[in-house]
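J.: Handing over final-v7.txt, compact mmCIF, C-alpha atoms.
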# COMPACT_ATOMS: atom_id res chain seq x y z
CA MET A 24 0.00 0.00 0.00
CA PHE A 25 2.71 2.48 1.01
CA LEU A 26 4.74 1.58 -2.08
CA LEU A 27 1.74 2.49 -4.20
CA LEU A 28 1.37 5.81 -2.43
CA GLN A 29 5.07 6.53 -2.80
CA ALA A 30 4.87 5.67 -6.49
CA GLY A 31 2.03 8.14 -6.81
CA TYR A 32 3.97 10.97 -5.25
CA TYR A 33 7.54 10.42 -6.39
CA THR A 34 7.40 8.80 -9.81
CA GLN A 35 8.45 10.70 -12.88
CA GLU A 36 5.59 9.17 -14.88
CA PRO A 37 2.71 11.33 -16.19
CA ALA A 38 0.20 12.79 -13.72
CA VAL A 39 -2.44 10.20 -14.54
CA HIS A 40 -0.16 7.47 -13.08
CA HIS A 41 0.51 9.71 -10.09
CA TYR A 42 -3.13 9.83 -9.07
CA SER A 43 -3.89 6.26 -10.15
CA ALA A 44 -1.24 4.86 -7.82
CA ALA A 45 -2.37 7.09 -4.96
CA THR A 46 -6.00 6.10 -5.50
CA MET A 47 -5.08 2.42 -5.44
CA GLY A 48 -3.13 2.99 -2.24
CA MET A 49 -6.16 4.60 -0.60
CA PHE A 50 -8.37 1.77 -1.85
CA PHE A 51 -6.18 -0.83 -0.12
CA LEU A 52 -6.02 1.38 2.98
CA ILE A 53 -9.83 1.33 3.16
CA ILE A 54 -9.77 -2.47 2.91
CA LEU A 55 -7.19 -2.72 5.71
CA ILE A 56 -9.25 -0.42 7.93
CA GLY A 57 -12.31 -2.55 7.17
CA VAL A 58 -10.45 -5.66 8.30
CA ALA A 59 -9.29 -3.84 11.44
CA GLY A 60 -12.88 -2.80 12.11
CA PHE A 61 -14.04 -6.42 11.82
CA ILE A 62 -11.34 -7.53 14.28
CA VAL A 63 -12.17 -4.78 16.78
CA GLN A 64 -15.89 -5.52 16.58
CA ALA A 65 -15.27 -9.24 17.07
CA ARG A 66 -13.05 -8.52 20.07
CA LEU A 67 -15.67 -6.21 21.55
CA GLN A 68 -18.31 -8.93 21.24
CA SER A 69 -15.93 -11.43 22.86
CA VAL A 70 -15.09 -9.12 25.78
CA PHE A 71 -18.74 -8.27 26.31
CA ARG A 72 -19.72 -11.95 26.39
CA LYS A 73 -16.87 -12.72 28.80
CA TYR A 74 -17.71 -9.99 31.31
CA SER A 75 -21.44 -10.63 30.94
CA GLN A 76 -20.68 -13.76 32.98
CA VAL A 77 -19.04 -11.77 35.79
CA PRO A 78 -21.65 -10.92 38.50
CA PHE A 79 -22.05 -7.29 39.45
CA PRO A 80 -21.41 -6.62 43.18
CA GLY A 81 -24.69 -6.05 44.99
CA GLY A 82 -26.70 -7.70 42.25
CA LEU A 83 -27.93 -4.51 40.58
CA THR A 84 -29.17 -4.68 36.99
CA GLY A 85 -27.83 -2.45 34.25
CA ALA A 86 -30.96 -0.31 34.48
CA GLU A 87 -30.60 0.07 38.25
CA VAL A 88 -26.93 1.04 37.97
CA ALA A 89 -27.84 3.60 35.32
CA GLU A 90 -30.52 5.14 37.53
CA LYS A 91 -28.07 5.37 40.42
CA MET A 92 -25.42 7.10 38.30
CA LEU A 93 -27.95 9.63 37.01
CA ARG A 94 -29.17 10.42 40.54
CA ASP A 95 -25.62 10.82 41.84
CA ASN A 96 -24.95 13.30 39.02
CA ASN A 97 -28.18 15.23 39.73
CA VAL A 98 -29.74 14.26 36.40
CA HIS A 99 -33.43 13.70 37.07
CA ASN A 100 -35.07 14.37 33.71
CA VAL A 101 -33.73 11.30 31.90
CA LYS A 102 -35.67 8.03 31.77
CA ILE A 103 -34.09 4.57 31.52
CA THR A 104 -35.83 2.47 28.87
CA HIS A 105 -35.38 -0.90 27.17
CA VAL A 106 -34.53 -1.31 23.46
CA ALA A 107 -34.31 -4.55 21.49
CA GLY A 108 -31.07 -5.85 20.01
CA SER A 109 -27.48 -6.49 21.02
CA LEU A 110 -25.22 -3.55 21.93
CA THR A 111 -27.87 -1.16 20.59
CA ASP A 112 -27.56 0.97 23.72
CA HIS A 113 -27.73 4.74 23.20
CA PHE A 114 -28.72 8.05 24.75
CA ASN A 115 -31.40 10.00 22.88
CA PRO A 116 -31.31 13.72 23.74
CA GLN A 117 -34.56 14.35 21.87
CA THR A 118 -36.60 12.00 24.05
CA MET A 119 -34.27 12.35 27.05
CA THR A 120 -33.93 8.59 27.42
CA VAL A 121 -31.07 6.20 28.04
CA ASN A 122 -31.99 3.15 25.97
CA LEU A 123 -30.45 -0.11 27.16
CA SER A 124 -30.33 -3.29 25.07
CA ASP A 125 -31.47 -6.81 25.90
CA GLY A 126 -28.09 -7.83 27.31
CA VAL A 127 -27.75 -4.73 29.49
CA TYR A 128 -31.12 -3.58 30.82
CA SER A 129 -31.89 -6.53 33.09
CA SER A 130 -28.44 -8.12 33.26
CA ARG A 131 -26.62 -8.19 36.62
CA SER A 132 -23.09 -8.25 35.21
CA VAL A 133 -19.98 -6.08 35.07
CA ALA A 134 -20.35 -5.69 31.30
CA ALA A 135 -23.94 -4.46 31.66
CA ALA A 136 -22.92 -1.94 34.31
CA ALA A 137 -20.09 -0.60 32.15
CA VAL A 138 -22.29 -0.11 29.09
CA ALA A 139 -25.16 1.39 31.11
CA CYS A 140 -22.82 3.87 32.80
CA HIS A 141 -21.26 4.82 29.46
CA GLU A 142 -24.69 5.76 28.07
CA CYS A 143 -25.44 7.67 31.26
CA GLY A 144 -22.15 9.47 30.62
CA HIS A 145 -23.78 10.92 27.51
CA ALA A 146 -26.78 12.03 29.58
CA VAL A 147 -24.41 13.78 32.01
CA GLN A 148 -22.64 15.41 29.05
CA HIS A 149 -25.99 16.73 27.85
CA ALA A 150 -26.87 18.04 31.29
CA ARG A 151 -23.49 19.78 31.62
CA GLY A 152 -23.60 21.27 28.10
CA TYR A 153 -20.57 19.34 26.85
CA ALA A 154 -19.65 21.20 23.66
CA PRO A 155 -18.61 18.26 21.40
CA LEU A 156 -21.91 16.47 22.15
CA THR A 157 -23.89 19.62 21.37
CA LEU A 158 -22.03 20.06 18.10
CA ARG A 159 -22.51 16.40 17.15
CA SER A 160 -26.24 16.62 17.82
CA GLN A 161 -26.50 19.69 15.60
CA LEU A 162 -24.69 17.91 12.77
CA VAL A 163 -26.88 14.77 12.82
CA PRO A 164 -29.54 15.93 10.28
CA VAL A 165 -26.87 17.37 7.97
CA VAL A 166 -24.79 14.18 8.05
CA GLN A 167 -27.84 11.96 7.56
CA PHE A 168 -28.67 13.79 4.33
CA SER A 169 -25.11 14.13 3.05
CA SER A 170 -24.20 10.47 3.68
CA ARG A 171 -27.17 9.32 1.59
CA ALA A 172 -26.62 11.74 -1.28
CA ALA A 173 -22.82 12.08 -1.50
CA THR A 174 -21.99 8.95 -3.52
CA TRP A 175 -24.67 9.61 -6.14
CA ILE A 176 -23.60 13.24 -6.49
CA ILE A 177 -19.97 12.21 -7.01
CA ILE A 178 -20.95 9.61 -9.62
CA LEU A 179 -23.01 12.20 -11.50
CA GLY A 180 -20.18 14.69 -11.09
CA LEU A 181 -17.66 12.26 -12.61
CA ILE A 182 -19.95 11.77 -15.61
CA ILE A 183 -20.17 15.54 -16.07
CA LEU A 184 -16.41 15.86 -15.56
CA ALA A 185 -15.76 13.31 -18.31
CA THR A 186 -17.85 15.29 -20.81
CA THR A 187 -17.48 18.94 -19.79
CA GLN A 188 -14.39 19.09 -17.51
CA ASN A 189 -16.58 20.77 -14.89
CA GLU A 190 -15.56 19.54 -11.42
CA LEU A 191 -18.02 21.53 -9.31
CA LEU A 192 -20.49 18.71 -8.64
CA CYS A 193 -17.66 16.31 -7.77
CA TRP A 194 -16.32 18.63 -5.13
CA ILE A 195 -19.79 19.22 -3.71
CA GLY A 196 -19.99 15.44 -3.22
CA VAL A 197 -16.55 15.41 -1.60
CA GLY A 198 -17.71 18.18 0.73
CA MET A 199 -20.63 15.99 1.78
CA ILE A 200 -18.30 13.08 2.48
CA ALA A 201 -16.07 15.46 4.44
CA MET A 202 -19.04 16.23 6.69
CA SER A 203 -19.25 12.54 7.60
CA ALA A 204 -15.52 12.50 8.35
CA VAL A 205 -15.85 15.59 10.56
CA PHE A 206 -18.79 13.96 12.34
CA SER A 207 -16.70 10.84 13.01
CA LEU A 208 -13.86 12.93 14.42
CA ILE A 209 -16.21 14.90 16.69
CA THR A 210 -17.68 11.59 17.88
CA LEU A 211 -14.30 10.48 19.27
CA PRO A 212 -14.05 12.92 22.21
CA VAL A 213 -17.77 12.43 22.88
CA GLU A 214 -17.39 8.66 23.26
CA TYR A 215 -14.07 8.70 25.11
CA ASN A 216 -15.35 11.36 27.52
CA ALA A 217 -18.54 9.37 28.21
CA SER A 218 -16.43 6.33 29.09
CA ALA A 219 -14.18 8.46 31.30
CA ARG A 220 -17.23 9.81 33.17
CA ALA A 221 -18.57 6.27 33.58
CA LEU A 222 -15.32 4.89 34.97
CA GLU A 223 -14.81 7.90 37.26
CA TRP A 224 -18.26 7.41 38.78
CA LEU A 225 -17.83 3.65 39.12
CA GLN A 226 -14.56 4.24 40.98
CA THR A 227 -15.43 7.25 43.15
CA SER A 228 -18.80 5.79 44.16
CA HIS A 229 -17.06 2.49 45.02
CA THR A 230 -19.57 0.73 42.80
CA LEU A 231 -16.74 -1.25 41.22
CA GLN A 232 -13.24 -1.78 42.53
CA GLY A 233 -10.09 -3.74 41.74
CA ALA A 234 -10.34 -6.42 39.07
CA GLN A 235 -13.97 -5.67 38.26
CA LEU A 236 -13.21 -2.00 37.62
CA ALA A 237 -10.38 -3.09 35.30
CA GLN A 238 -12.80 -5.38 33.47
CA ALA A 239 -15.25 -2.53 32.95
CA LYS A 240 -12.41 -0.35 31.67
CA GLU A 241 -11.35 -3.03 29.18
CA ALA A 242 -14.89 -3.42 27.86
CA LEU A 243 -15.29 0.33 27.36
CA SER A 244 -11.84 0.60 25.77
CA TRP A 245 -12.77 -1.90 23.06
CA ALA A 246 -16.07 -0.12 22.49
CA ALA A 247 -14.20 3.17 22.01
CA ARG A 248 -11.88 1.57 19.45
CA THR A 249 -14.86 0.90 17.17
CA TYR A 250 -15.35 4.67 16.90
CA LEU A 251 -11.65 5.19 16.23
CA VAL A 252 -11.76 2.71 13.35
CA ALA A 253 -14.90 4.41 12.01
CA ALA A 254 -13.13 7.78 12.03
CA LEU A 255 -10.09 6.38 10.21
CA SER A 256 -12.39 4.75 7.64
CA ALA A 257 -14.22 8.03 7.03
CA ILE A 258 -10.94 9.91 6.49
CA ALA A 259 -9.60 7.19 4.16
CA SER A 260 -12.83 7.27 2.12
CA LEU A 261 -12.58 11.05 1.81
CA LEU A 262 -8.99 10.85 0.55
CA TYR A 263 -9.92 8.06 -1.87
CA TYR A 264 -12.58 10.20 -3.55
CA ILE A 265 -10.25 13.20 -3.68
CA PHE A 266 -7.58 11.16 -5.49
CA LEU A 267 -10.25 9.61 -7.73
CA ILE A 268 -11.45 13.02 -8.89
CA LEU A 269 -7.93 14.34 -9.38
CA GLY A 270 -7.14 11.25 -11.45
CA ARG A 271 -10.20 11.77 -13.67
CA ARG A 272 -9.18 15.40 -14.15
CA ASN A 273 -5.88 14.30 -15.65
Would you mind giving the structure from this file in structure tokens?
T.:
Amino acid sequence: MFLLLQAGYYTQEPAVHHYSAATMGMFFLIILIGVAGFIVQARLQSVFRKYSQVPFPGGLTGAEVAEKMLRDNNVHNVKITHVAGSLTDHFNPQTMTVNLSDGVYSSRSVAAAAVACHECGHAVQHARGYAPLTLRSQLVPVVQFSSRAATWIIILGLIILATTQNELLCWIGVGMIAMSAVFSLITLPVEYNASARALEWLQTSHTLQGAQLAQAKEALSWAARTYLVAALSAIASLLYYIFLILGRRN
């Protein structure tokens, strides 16, 4: 992959080879990131299953731990609800709900407590006016539209570029893809901060200690890595389309 990129930048061949090699390098980079994402997701599932077998001290369910964390942080306007699926847990600022999945809501395990507290971390962020979360929430409708339309706009733009040499529509599509990349980057501090809030509360409240606290930290660390891979994938996709358009120009 890196040899292809180097060939694209340093070769003395015509410009079309320059961008072709770079585009191929980005294409393989996207594949590698996809494989990394699969590995991280598989590891997350494995860790969650493992620590789902570790009993939570005191026998509280994920929902009960979540309620306790919200009360301790003086957040009283958020409701804990149940949502179907596996690892579909999320905080919804529009309905002011922390939605816990099948394996978390009623589970009395360390893994369930870690995930529940992470989602409550988002609720605490919202209550405290955490800027990255506010910005991410504002970008949601924009990113939802741009992610659906970007690929089709770029394809149409490449057709126009091939016949008229007009690149405007291509770069509009790239701008839409860039919004998704920006969204992924903003998501990183939001997710890492939510995990940090969760672990801080679990430790300072003496809800988890010693080995069990370390297990919760490991589970949340693997969950955070899924967002890191997603951000890298979004950036690689953006660069791929940029090189693709530059290649078609030449």
J.: Could you jot down the CA of Ser132 in chain A to CA of Val77 in chain A separation for me, Å, one decimal place?
T.: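 Taking CA of Ser132 in chain A and CA of Val77 in chain A, their separation equals 5.4 Å.
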J.: Tell me which protein, DNA and RNA residues are within 9 Å of Gln64 in chain A, counting all atoms listed in the file, leaving out same-chain ones fewer than 6 positions away, and put them as a list in words.
T.: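 With the cut-off at 9 Å, the set is Trp245, Ala246, Arg248 and Thr249 of chain A.
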J.: Between CA of Val163 in chain A and CA of Ala217 in chain A, what is the spacing in Å?
T.: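 Taking CA of Ala217 in chain A and CA of Val163 in chain A, their separation equals 18.3 Å.
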J.: Hey, what's within 12 Å of range 241-244 of chain A if we count all atoms listed in the file and toss same-chain stuff fewer than 3 positions away? As a PyMOL selection string, please?
T.: chain A and resi 63-64+66-75+110+133-142+144+214-222+234-238+247-251
J.: Would you mind exporting the chosen residues as an mmCIF file, in the frame of the given file, restricted to C-alpha atoms?
T.:
data_model
loop_
_atom_site.group_PDB
_atom_site.id
_atom_site.type_symbol
_atom_site.label_atom_id
_atom_site.label_comp_id
_atom_site.auth_asym_id
_atom_site.auth_seq_id
_atom_site.Cartn_x
_atom_site.Cartn_y
_atom_site.Cartn_z
ATOM 1 C CA VAL A 63 -12.170 -4.780 16.780
ATOM 2 C CA GLN A 64 -15.890 -5.520 16.580
ATOM 3 C CA ARG A 66 -13.050 -8.520 20.070
ATOM 4 C CA LEU A 67 -15.670 -6.210 21.550
ATOM 5 C CA GLN A 68 -18.310 -8.930 21.240
ATOM 6 C CA SER A 69 -15.930 -11.430 22.860
ATOM 7 C CA VAL A 70 -15.090 -9.120 25.780
ATOM 8 C CA PHE A 71 -18.740 -8.270 26.310
ATOM 9 C CA ARG A 72 -19.720 -11.950 26.390
ATOM 10 C CA LYS A 73 -16.870 -12.720 28.800
ATOM 11 C CA TYR A 74 -17.710 -9.990 31.310
ATOM 12 C CA SER A 75 -21.440 -10.630 30.940
ATOM 13 C CA LEU A 110 -25.220 -3.550 21.930
ATOM 14 C CA VAL A 133 -19.980 -6.080 35.070
ATOM 15 C CA ALA A 134 -20.350 -5.690 31.300
ATOM 16 C CA ALA A 135 -23.940 -4.460 31.660
ATOM 17 C CA ALA A 136 -22.920 -1.940 34.310
ATOM 18 C CA ALA A 137 -20.090 -0.600 32.150
ATOM 19 C CA VAL A 138 -22.290 -0.110 29.090
ATOM 20 C CA ALA A 139 -25.160 1.390 31.110
ATOM 21 C CA CYS A 140 -22.820 3.870 32.800
ATOM 22 C CA HIS A 141 -21.260 4.820 29.460
ATOM 23 C CA GLU A 142 -24.690 5.760 28.070
ATOM 24 C CA GLY A 144 -22.150 9.470 30.620
ATOM 25 C CA GLU A 214 -17.390 8.660 23.260
ATOM 26 C CA TYR A 215 -14.070 8.700 25.110
ATOM 27 C CA ASN A 216 -15.350 11.360 27.520
ATOM 28 C CA ALA A 217 -18.540 9.370 28.210
ATOM 29 C CA SER A 218 -16.430 6.330 29.090
ATOM 30 C CA ALA A 219 -14.180 8.460 31.300
ATOM 31 C CA ARG A 220 -17.230 9.810 33.170
ATOM 32 C CA ALA A 221 -18.570 6.270 33.580
ATOM 33 C CA LEU A 222 -15.320 4.890 34.970
ATOM 34 C CA ALA A 234 -10.340 -6.420 39.070
ATOM 35 C CA GLN A 235 -13.970 -5.670 38.260
ATOM 36 C CA LEU A 236 -13.210 -2.000 37.620
ATOM 37 C CA ALA A 237 -10.380 -3.090 35.300
ATOM 38 C CA GLN A 238 -12.800 -5.380 33.470
ATOM 39 C CA ALA A 247 -14.200 3.170 22.010
ATOM 40 C CA ARG A 248 -11.880 1.570 19.450
ATOM 41 C CA THR A 249 -14.860 0.900 17.170
ATOM 42 C CA TYR A 250 -15.350 4.670 16.900
ATOM 43 C CA LEU A 251 -11.650 5.190 16.230
#
J.: Could you state the separation of CA of Ala204 in chain A and CA of Gly270 in chain A in Å, given to one decimal place?
T.: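 Computing the Euclidean distance for CA of Ala204 in chain A and CA of Gly270 in chain A yields 21.5 Å.
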J.: Name the residues, using the chain letters and numbers of the file, that sit within 10 Å of (-20.0, 15.9, 4.6) when counting only C-alpha atoms, and give them as a list in words.
T.: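 Residues with an atom close enough to that point: Leu162, Val165, Val166, Gln167, Phe168, Ser169, Ser170, Ala172, Ala173, Ile195, Gly196, Val197, Gly198, Met199, Ile200, Ala201, Met202, Ser203, Ala204, Val205, Phe206 and Leu261 of chain A.
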J.: Would you save the residues from that selection as a JSON list (two decimals), in the frame of the given file, using C-alpha atoms?
T.:
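Done, and the output landed in again-v2.json:
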[["chain", "number", "residue", "atom", "x", "y", "z"],
["A", 162, "LEU", "CA", -24.69, 17.91, 12.77],
["A", 165, "VAL", "CA", -26.87, 17.37, 7.97],
["A", 166, "VAL", "CA", -24.79, 14.18, 8.05],
["A", 167, "GLN", "CA", -27.84, 11.96, 7.56],
["A", 168, "PHE", "CA", -28.67, 13.79, 4.33],
["A", 169, "SER", "CA", -25.11, 14.13, 3.05],
["A", 170, "SER", "CA", -24.20, 10.47, 3.68],
["A", 172, "ALA", "CA", -26.62, 11.74, -1.28],
["A", 173, "ALA", "CA", -22.82, 12.08, -1.50],
["A", 195, "ILE", "CA", -19.79, 19.22, -3.71],
["A", 196, "GLY", "CA", -19.99, 15.44, -3.22],
["A", 197, "VAL", "CA", -16.55, 15.41, -1.60],
["A", 198, "GLY", "CA", -17.71, 18.18, 0.73],
["A", 199, "MET", "CA", -20.63, 15.99, 1.78],
["A", 200, "ILE", "CA", -18.30, 13.08, 2.48],
["A", 201, "ALA", "CA", -16.07, 15.46, 4.44],
["A", 202, "MET", "CA", -19.04, 16.23, 6.69],
["A", 203, "SER", "CA", -19.25, 12.54, 7.60],
["A", 204, "ALA", "CA", -15.52, 12.50, 8.35],
["A", 205, "VAL", "CA", -15.85, 15.59, 10.56],
["A", 206, "PHE", "CA", -18.79, 13.96, 12.34],
["A", 261, "LEU", "CA", -12.58, 11.05, 1.81]]
J.: Ranking A:Thr120, A:Gly152, A:Ala257, A:Pro212 by minimum distance to His99 in chain A and counting all atoms listed in the file, which one comes first?
T.: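 Closest residue, counting all atoms listed in the file: A:Thr120.
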J.: Give the answer as one residue: which of A:Ala239, A:Cys193, A:Ile209, A:Leu225 has the shortest atom-to-atom distance to Thr174 in chain A, using all atoms listed in the file?
T.: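 Nearest candidate to Thr174 in chain A out of A:Ala239, A:Cys193, A:Ile209, A:Leu225: A:Cys193.
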J.: Kindly provide, as a short mmCIF file (atom, residue, chain, number, x, y, z; two decimals) with C-alpha atoms, in the coordinates of the input, the polymer residues lying within 7 Å of (-27.8, -5.0, 33.2), counting all atoms listed in the file and using the coordinates exactly as they appear in the file.
T.:
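Wrote part-v6.cif, looks like this:
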data_model
loop_
_atom_site.label_atom_id
_atom_site.label_comp_id
_atom_site.auth_asym_id
_atom_site.auth_seq_id
_atom_site.Cartn_x
_atom_site.Cartn_y
_atom_site.Cartn_z
CA THR A 84 -29.17 -4.68 36.99
CA GLY A 85 -27.83 -2.45 34.25
CA ALA A 86 -30.96 -0.31 34.48
CA GLY A 126 -28.09 -7.83 27.31
CA VAL A 127 -27.75 -4.73 29.49
CA TYR A 128 -31.12 -3.58 30.82
CA SER A 129 -31.89 -6.53 33.09
CA SER A 130 -28.44 -8.12 33.26
CA ARG A 131 -26.62 -8.19 36.62
CA SER A 132 -23.09 -8.25 35.21
CA ALA A 135 -23.94 -4.46 31.66
CA ALA A 136 -22.92 -1.94 34.31
#
